[in-house]
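Chemist: For reference, the file my_file13.csv (CSV, C-alpha atoms) is included below:
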chain,number,residue,atom,x,y,z
M,50,MET,CA,0.0,0.0,0.0
M,51,ASP,CA,1.8,3.1,-1.3
M,52,LYS,CA,1.4,6.2,0.9
M,53,ILE,CA,3.0,8.3,-1.8
M,54,TYR,CA,1.2,8.0,-5.1
M,55,THR,CA,1.8,9.4,-8.6
M,56,VAL,CA,-0.8,9.8,-11.4
M,57,PRO,CA,0.0,10.9,-15.0
M,58,PHE,CA,-2.1,13.5,-16.8
M,59,LYS,CA,-2.1,14.9,-20.3
M,60,VAL,CA,-3.2,18.6,-20.6
M,61,ARG,CA,-6.3,18.5,-22.9
M,62,SER,CA,-7.5,21.2,-25.3
M,63,TYR,CA,-10.6,21.9,-23.1
M,64,GLU,CA,-8.3,22.5,-20.0
M,65,VAL,CA,-6.3,25.4,-21.4
M,66,ASP,CA,-6.8,29.1,-21.7
M,67,LEU,CA,-6.5,31.6,-24.6
M,68,ASN,CA,-2.7,31.1,-24.4
M,69,GLU,CA,-2.9,27.3,-24.8
M,70,LYS,CA,-1.7,26.9,-21.2
M,71,ALA,CA,-3.5,24.9,-18.5
M,72,THR,CA,-5.9,27.0,-16.4
M,73,PHE,CA,-5.5,27.3,-12.7
M,74,SER,CA,-8.7,25.3,-12.0
M,75,SER,CA,-7.5,22.5,-14.4
M,76,ILE,CA,-4.4,22.1,-12.2
M,77,CYS,CA,-6.7,22.0,-9.1
M,78,ASN,CA,-8.8,19.3,-10.9
M,79,TYR,CA,-5.6,17.2,-11.4
M,80,PHE,CA,-4.8,17.5,-7.8
M,81,GLN,CA,-8.4,16.6,-6.7
M,82,GLU,CA,-8.5,13.6,-9.1
M,83,ALA,CA,-5.1,12.2,-8.0
M,84,ALA,CA,-6.3,12.6,-4.3
M,85,GLY,CA,-9.5,10.7,-5.0
M,86,ILE,CA,-7.7,7.8,-6.8
M,87,HIS,CA,-5.2,7.5,-4.1
M,88,ALA,CA,-7.8,7.7,-1.3
M,89,ASN,CA,-9.7,4.9,-3.1
M,90,HIS,CA,-6.5,2.7,-3.1
M,91,LEU,CA,-6.1,3.4,0.6
M,92,ASN,CA,-9.7,2.6,1.3
M,93,PHE,CA,-10.9,5.9,2.5
M,94,ASP,CA,-12.5,7.4,-0.6
M,95,ILE,CA,-15.6,9.4,-0.2
M,96,SER,CA,-17.9,6.5,-1.3
M,97,GLN,CA,-16.2,4.3,1.3
M,98,LEU,CA,-16.7,6.9,4.0
M,99,HIS,CA,-20.4,7.1,3.1
M,100,GLU,CA,-20.8,3.5,4.1
M,101,LYS,CA,-19.9,4.6,7.7
M,102,GLY,CA,-22.2,7.6,7.7
M,103,LEU,CA,-19.3,10.0,7.2
M,104,THR,CA,-18.0,12.2,4.4
M,105,TRP,CA,-15.0,14.3,3.5
M,106,VAL,CA,-15.3,18.1,3.5
M,107,LEU,CA,-12.6,20.3,2.1
M,108,TYR,CA,-11.8,23.1,4.5
M,109,LYS,CA,-8.9,24.9,2.9
M,110,MET,CA,-6.6,24.6,-0.1
M,111,HIS,CA,-3.4,26.5,-0.9
M,112,VAL,CA,-2.1,26.2,-4.5
M,113,LYS,CA,1.1,27.7,-5.9
M,114,VAL,CA,1.9,27.5,-9.7
M,115,LEU,CA,5.4,28.0,-10.9
M,116,ASN,CA,5.0,27.2,-14.6
M,117,LEU,CA,1.8,26.5,-16.5
M,118,PRO,CA,2.0,23.4,-18.7
M,119,LYS,CA,0.9,23.7,-22.3
M,120,ARG,CA,-1.8,21.9,-24.3
M,121,TRP,CA,-1.0,18.2,-24.8
M,122,GLU,CA,1.9,18.3,-22.4
M,123,ASP,CA,2.4,15.2,-20.2
M,124,VAL,CA,2.6,15.9,-16.5
M,125,GLU,CA,2.6,13.8,-13.3
M,126,VAL,CA,0.9,14.6,-10.0
M,127,THR,CA,2.4,13.1,-6.8
M,128,THR,CA,0.3,13.2,-3.7
M,129,TRP,CA,0.4,11.9,-0.2
M,130,PRO,CA,-1.7,12.2,3.0
M,131,SER,CA,0.4,13.9,5.7
M,132,ALA,CA,0.2,14.1,9.5
M,133,GLY,CA,-3.0,15.9,10.7
M,134,ASP,CA,-4.1,17.3,14.1
M,135,GLY,CA,-7.1,15.2,14.9
M,136,LEU,CA,-9.8,17.3,13.3
M,137,ARG,CA,-7.9,18.3,10.2
M,138,ALA,CA,-6.3,15.8,7.7
M,139,PHE,CA,-3.7,17.2,5.4
M,140,ARG,CA,-2.8,16.1,1.9
M,141,ASP,CA,0.1,17.4,-0.2
M,142,TYR,CA,0.6,17.6,-4.0
M,143,GLU,CA,3.3,18.2,-6.5
M,144,MET,CA,2.9,18.5,-10.3
M,145,ARG,CA,6.1,17.9,-12.4
M,146,SER,CA,6.9,18.0,-16.1
M,147,GLU,CA,8.3,15.0,-18.0
M,148,SER,CA,11.8,16.2,-17.2
M,149,GLY,CA,11.0,16.4,-13.5
M,150,ASP,CA,10.7,20.1,-13.1
M,151,LEU,CA,8.3,21.3,-10.4
M,152,LEU,CA,5.3,23.0,-12.1
M,153,ALA,CA,2.9,23.4,-9.2
M,154,HIS,CA,2.5,22.3,-5.6
M,155,ALA,CA,-0.3,22.5,-3.0
M,156,ILE,CA,-1.7,21.4,0.3
M,157,SER,CA,-5.3,20.7,1.2
M,158,GLN,CA,-6.9,20.6,4.6
M,159,TRP,CA,-9.9,18.2,5.1
M,160,MET,CA,-12.4,17.4,7.8
M,161,VAL,CA,-14.5,14.3,8.3
M,162,LEU,CA,-18.2,15.2,8.6
M,163,ASP,CA,-20.9,13.2,10.3
M,164,MET,CA,-23.6,13.0,7.6
M,165,LYS,CA,-26.5,13.1,10.1
M,166,SER,CA,-25.4,15.8,12.5
M,167,LYS,CA,-23.5,17.8,9.7
M,168,ARG,CA,-20.8,18.4,12.3
M,169,PRO,CA,-17.0,17.6,12.1
M,170,VAL,CA,-15.8,14.6,13.9
M,171,ARG,CA,-12.3,13.4,14.7
M,172,THR,CA,-10.4,11.7,11.9
M,173,PRO,CA,-10.8,8.0,12.3
M,174,PRO,CA,-7.6,6.4,13.5
M,175,GLU,CA,-7.3,4.0,10.6
M,176,ILE,CA,-7.1,7.2,8.3
M,177,SER,CA,-4.9,9.3,10.5
M,178,GLU,CA,-2.4,6.5,10.9
M,179,LEU,CA,-1.8,6.6,7.1
M,180,GLY,CA,-0.3,10.1,7.2
M,181,VAL,CA,3.3,10.4,6.0
M,182,LYS,CA,5.1,11.8,9.0
M,183,ASP,CA,8.7,11.9,7.7
M,184,LYS,CA,8.1,14.1,4.7
M,185,GLU,CA,7.9,17.9,4.9
M,186,HIS,CA,4.8,19.7,3.6
M,187,THR,CA,5.3,21.0,0.1
M,188,VAL,CA,3.3,24.1,1.1
M,189,GLU,CA,3.1,25.0,4.8
M,190,PRO,CA,-0.5,24.8,6.1
M,191,LYS,CA,-1.9,28.0,7.5
M,192,LYS,CA,-4.4,27.9,10.5
M,193,ASP,CA,-5.5,31.6,10.3
M,194,PRO,CA,-9.0,31.9,8.8
M,195,ILE,CA,-9.6,34.0,5.7
M,196,LYS,CA,-12.2,36.6,6.8
M,197,PRO,CA,-15.0,37.1,4.3
M,198,LEU,CA,-15.4,40.5,2.6
M,199,ALA,CA,-18.5,42.5,3.1
M,200,PRO,CA,-20.9,42.3,0.1
M,201,ASP,CA,-20.6,46.0,-0.7
M,202,GLU,CA,-20.2,45.7,-4.5
M,203,SER,CA,-21.0,42.1,-5.2
M,204,LYS,CA,-21.8,41.1,-8.7
M,205,PHE,CA,-24.2,38.3,-9.7
M,206,ILE,CA,-22.3,35.7,-11.8
M,207,THR,CA,-24.2,32.5,-12.1
M,208,VAL,CA,-27.0,30.1,-11.0
M,209,VAL,CA,-25.8,26.7,-9.7
M,210,GLY,CA,-26.7,23.9,-12.2
M,211,LEU,CA,-26.6,20.1,-12.0
M,212,ASN,CA,-23.2,20.1,-13.7
M,213,ASP,CA,-21.7,22.1,-10.8
M,214,LEU,CA,-22.5,19.4,-8.3
M,215,ASP,CA,-20.3,16.6,-6.8
M,216,MET,CA,-21.2,13.3,-5.2
M,217,ASN,CA,-22.4,15.1,-2.1
M,218,PHE,CA,-25.0,17.0,-4.2
M,219,HIS,CA,-23.0,20.2,-3.3
M,220,VAL,CA,-21.1,22.4,-5.6
M,221,ASN,CA,-17.7,20.8,-6.6
M,222,ASN,CA,-14.7,22.3,-4.8
M,223,VAL,CA,-12.9,23.4,-7.9
M,224,ARG,CA,-16.0,25.1,-9.3
M,225,TYR,CA,-15.6,27.8,-6.5
M,226,ILE,CA,-12.0,28.3,-7.9
M,227,ASP,CA,-13.5,28.5,-11.4
M,228,TRP,CA,-15.8,31.3,-10.3
M,229,MET,CA,-13.0,33.2,-8.6
M,230,THR,CA,-10.6,33.0,-11.5
M,231,GLY,CA,-13.0,33.3,-14.4
M,232,TYR,CA,-14.3,36.9,-14.0
M,233,LEU,CA,-11.1,39.0,-13.8
M,234,LEU,CA,-11.3,41.9,-16.2
M,235,GLU,CA,-7.6,41.9,-16.9
M,236,GLU,CA,-7.5,39.1,-19.4
M,237,ASN,CA,-3.7,39.0,-19.8
M,238,LYS,CA,-3.2,38.0,-16.2
M,239,SER,CA,-3.5,34.5,-14.7
M,240,CYS,CA,-3.7,33.3,-11.2
M,241,ARG,CA,-0.4,31.9,-9.9
M,242,GLU,CA,-1.3,31.3,-6.2
M,243,MET,CA,-4.5,31.0,-4.2
M,244,GLU,CA,-5.4,30.1,-0.7
M,245,ILE,CA,-9.1,29.4,-0.5
M,246,GLN,CA,-11.2,28.6,2.6
M,247,TYR,CA,-14.6,26.9,2.1
M,248,LEU,CA,-17.3,28.4,4.4
M,249,SER,CA,-20.6,26.9,3.4
M,250,GLU,CA,-22.2,24.5,1.0
M,251,SER,CA,-24.0,25.5,-2.2
M,252,VAL,CA,-26.6,23.5,-4.0
M,253,GLN,CA,-28.6,23.5,-7.3
M,254,GLY,CA,-30.6,26.7,-7.8
M,255,ASP,CA,-28.4,29.0,-5.6
M,256,ARG,CA,-27.6,32.4,-7.1
M,257,ILE,CA,-23.9,33.1,-6.8
M,258,TYR,CA,-22.4,36.6,-6.3
M,259,LEU,CA,-18.7,37.6,-6.3
M,260,GLU,CA,-17.0,40.4,-4.3
M,261,THR,CA,-13.4,41.4,-5.2
M,262,LYS,CA,-11.0,43.8,-3.5
M,263,GLN,CA,-7.4,44.6,-4.5
M,264,LYS,CA,-5.0,45.0,-1.6
M,265,ASP,CA,-1.5,45.7,-2.8
M,266,GLU,CA,-0.4,42.6,-4.7
M,267,GLN,CA,-3.2,40.5,-3.2
M,268,LEU,CA,-6.6,39.9,-4.7
M,269,ILE,CA,-9.1,39.1,-2.0
M,270,GLN,CA,-12.4,37.5,-3.0
M,271,THR,CA,-15.6,36.2,-1.4
M,272,LEU,CA,-18.4,34.2,-3.0
M,273,PHE,CA,-21.9,34.6,-1.6
M,274,LYS,CA,-25.2,32.8,-2.3
M,275,ASN,CA,-28.7,34.1,-2.7
M,276,ASP,CA,-30.2,37.4,-1.6
M,277,GLU,CA,-29.2,36.7,2.0
M,278,MET,CA,-25.5,37.1,0.8
M,279,ILE,CA,-24.3,34.1,2.8
M,280,PRO,CA,-20.6,33.7,2.3
M,281,ILE,CA,-19.6,30.3,0.9
M,282,ALA,CA,-15.9,30.8,0.2
M,283,SER,CA,-13.1,33.3,0.7
M,284,SER,CA,-9.7,33.5,-1.0
M,285,VAL,CA,-6.4,35.4,-1.2
M,286,SER,CA,-4.7,35.1,-4.6
M,287,TYR,CA,-1.8,36.5,-6.6
M,288,TRP,CA,-1.9,37.1,-10.4
M,289,GLU,CA,0.7,37.7,-13.1
Show how you would write the structure in this file as structure tokens.
Modeler:
Amino acid sequence: MDKIYTVPFKVRSYEVDLNEKATFSSICNYFQEAAGIHANHLNFDISQLHEKGLTWVLYKMHVKVLNLPKRWEDVEVTTWPSAGDGLRAFRDYEMRSESGDLLAHAISQWMVLDMKSKRPVRTPPEISELGVKDKEHTVEPKKDPIKPLAPDESKFITVVGLNDLDMNFHVNNVRYIDWMTGYLLEENKSCREMEIQYLSESVQGDRIYLETKQKDEQLIQTLFKNDEMIPIASSVSYWE
């Protein structure tokens, strides 16, 4: 049972931007897919947790991109579960080119949720024991929460459809990143780093609004749902 796992990907035409380079959200999809495949091999995939009345919930993700791979380029994602703290389970990721150059790296922070109570529970010991303890994080996890912006100038961007949902019938994690990276007016810039915190679930029919503030080199964003302007995710990102 390999605790460190590598999955090959080819950058497809529908995963690139106007410059024929992989989008930020495509890279996040590679990371998410590699994590899911590995979790299935380790017997703690989301469908396997469902059998125990539990599910995975992504709390935070921090992604850094060094170089964007081009269309049809072959890349590899290596991922491993790392030591958690009882309530949070960490997973690290690295994406490399065929020649071994580091293209992107990330860390995600997960929580196990009781499906009946909708409350976090301690990570089951059979999962936490699989964490790789002798390998440093590729991105250091941050504990500080990302405070949501006030919805002062929020713009309506979309209504949640069926294709936005995951196996929990909630909006897929990467779709939030899609919404945060797909509405920047400066078309020649691309996101190179994002730390995102997930605050609330979103479901089919929700109306989604986006608030954006520039602070020095940081772009701070918050997604809200419906007329009540309930925050569902906040992020800090850097663009080039």
Chemist: Can you tell me, as JSON, numbers by chain, what residues are no more than 8 Å from Thr127 in chain M when counting all atoms listed in the file, ignoring any on the same chain fewer than 6 positions away?
Modeler: {"M": [53, 54, 55, 56, 83, 142, 143, 144]}
Chemist: Quick one: residues within 9 Å of Tyr247 in chain M, all atoms listed in the file counted, chain neighbours fewer than 5 positions away excluded, as a list in words?
Modeler: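 Near neighbours after the sequence-gap exclusion: Val106, Leu107, Tyr108, Lys109, Met110, Asn222, Tyr225, Ile281, Ala282, Ser283 and Ser284 of chain M.
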Chemist: Limited to C-alpha atoms, could you put the picked residues into a file as a JSON list (two decimals), keeping the file's coordinate frame?
Modeler:
[["chain", "number", "residue", "atom", "x", "y", "z"],
["M", 106, "VAL", "CA", -15.30, 18.10, 3.50],
["M", 107, "LEU", "CA", -12.60, 20.30, 2.10],
["M", 108, "TYR", "CA", -11.80, 23.10, 4.50],
["M", 109, "LYS", "CA", -8.90, 24.90, 2.90],
["M", 110, "MET", "CA", -6.60, 24.60, -0.10],
["M", 222, "ASN", "CA", -14.70, 22.30, -4.80],
["M", 225, "TYR", "CA", -15.60, 27.80, -6.50],
["M", 281, "ILE", "CA", -19.60, 30.30, 0.90],
["M", 282, "ALA", "CA", -15.90, 30.80, 0.20],
["M", 283, "SER", "CA", -13.10, 33.30, 0.70],
["M", 284, "SER", "CA", -9.70, 33.50, -1.00]]
Chemist: Excluding same-chain residues fewer than 4 positions from His219 in chain M, what lies within 12 Å of it counting all atoms listed in the file, as a VMD selection string?
Modeler: chain M and resid 106 to 107 209 to 215 223 to 225 249 to 255 281
Chemist: Which residue gives the smallest distance to Pro173 in chain M among M:His186, M:Lys204, M:Lys192, M:Lys101, with all atoms listed in the file counted?
Modeler: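 Ranking M:His186, M:Lys204, M:Lys192, M:Lys101 by distance to Pro173 in chain M, first place goes to M:Lys101.
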Chemist: Can you measure CA of Asn217 in chain M to CA of Cys77 in chain M for me? One decimal in Å is fine.
Modeler: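 About the pair CA of Asn217 in chain M and CA of Cys77 in chain M: they are 18.5 Å apart.
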Chemist: Name all residues at most 12 Å from range 260-276 of chain M (count all atoms listed in the file; drop same-chain ones fewer than 4 positions away) and give them as a PyMOL selection string.
Modeler: chain M and resi 195-209+220+224-230+232-234+239-256+280-289
Chemist: Which residue, M:Pro194, M:Pro174, M:Gly133, M:Pro57, has the smallest gap to Ile156 in chain M when you use all atoms listed in the file?
Modeler: M:Gly133
Chemist: Which neighbours of range 84-94 of chain M fall inside 10 Å, counting only C-alpha atoms, when residues of the same chain fewer than 3 positions from it are skipped, and could you give them as a short mmCIF file (atom, residue, chain, number, x, y, z; two decimals) with C-alpha atoms, in the coordinates of the input?
Modeler:
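Full text of result28.cif as output:
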data_model
loop_
_atom_site.label_atom_id
_atom_site.label_comp_id
_atom_site.auth_asym_id
_atom_site.auth_seq_id
_atom_site.Cartn_x
_atom_site.Cartn_y
_atom_site.Cartn_z
CA MET M 50 0.00 0.00 0.00
CA ASP M 51 1.80 3.10 -1.30
CA LYS M 52 1.40 6.20 0.90
CA ILE M 53 3.00 8.30 -1.80
CA TYR M 54 1.20 8.00 -5.10
CA THR M 55 1.80 9.40 -8.60
CA VAL M 56 -0.80 9.80 -11.40
CA ASN M 78 -8.80 19.30 -10.90
CA TYR M 79 -5.60 17.20 -11.40
CA PHE M 80 -4.80 17.50 -7.80
CA GLN M 81 -8.40 16.60 -6.70
CA GLN M 97 -16.20 4.30 1.30
CA LEU M 98 -16.70 6.90 4.00
CA HIS M 99 -20.40 7.10 3.10
CA THR M 104 -18.00 12.20 4.40
CA TRP M 105 -15.00 14.30 3.50
CA VAL M 126 0.90 14.60 -10.00
CA THR M 127 2.40 13.10 -6.80
CA THR M 128 0.30 13.20 -3.70
CA TRP M 129 0.40 11.90 -0.20
CA PRO M 130 -1.70 12.20 3.00
CA ARG M 140 -2.80 16.10 1.90
CA ASP M 141 0.10 17.40 -0.20
CA TYR M 142 0.60 17.60 -4.00
CA SER M 157 -5.30 20.70 1.20
CA GLU M 175 -7.30 4.00 10.60
CA ILE M 176 -7.10 7.20 8.30
CA LEU M 179 -1.80 6.60 7.10
#
Chemist: For Met160 in chain M, which of M:Ser75, M:Ser177, M:Ser96, M:Asn116 is the closest residue, counting all atoms listed in the file?
Modeler: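 Closest residue, counting all atoms listed in the file: M:Ser177.
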Chemist: For each of M:Ile257, M:Val181, M:Val60, M:Leu67, take the minimum atom-to-atom distance to Ala132 in chain M, counting all atoms listed in the file, then give the residue where this is smallest.
Modeler: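 Answer, going by the shortest atom-to-atom distance: M:Val181.
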Chemist: Could you tell me which of M:Ser148, M:Ser131, M:Ser166, M:Trp159 comes closest to Lys182 in chain M if we count only C-alpha atoms?
Modeler: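 Closest candidate: M:Ser131.
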Chemist: Looking at M:Tyr63, M:Phe139, M:Phe73, M:Phe58, which one is nearest to Thr172 in chain M, with distances taken over all atoms listed in the file?
Modeler: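 Closest to Thr172 in chain M, using all atoms listed in the file: M:Phe139.
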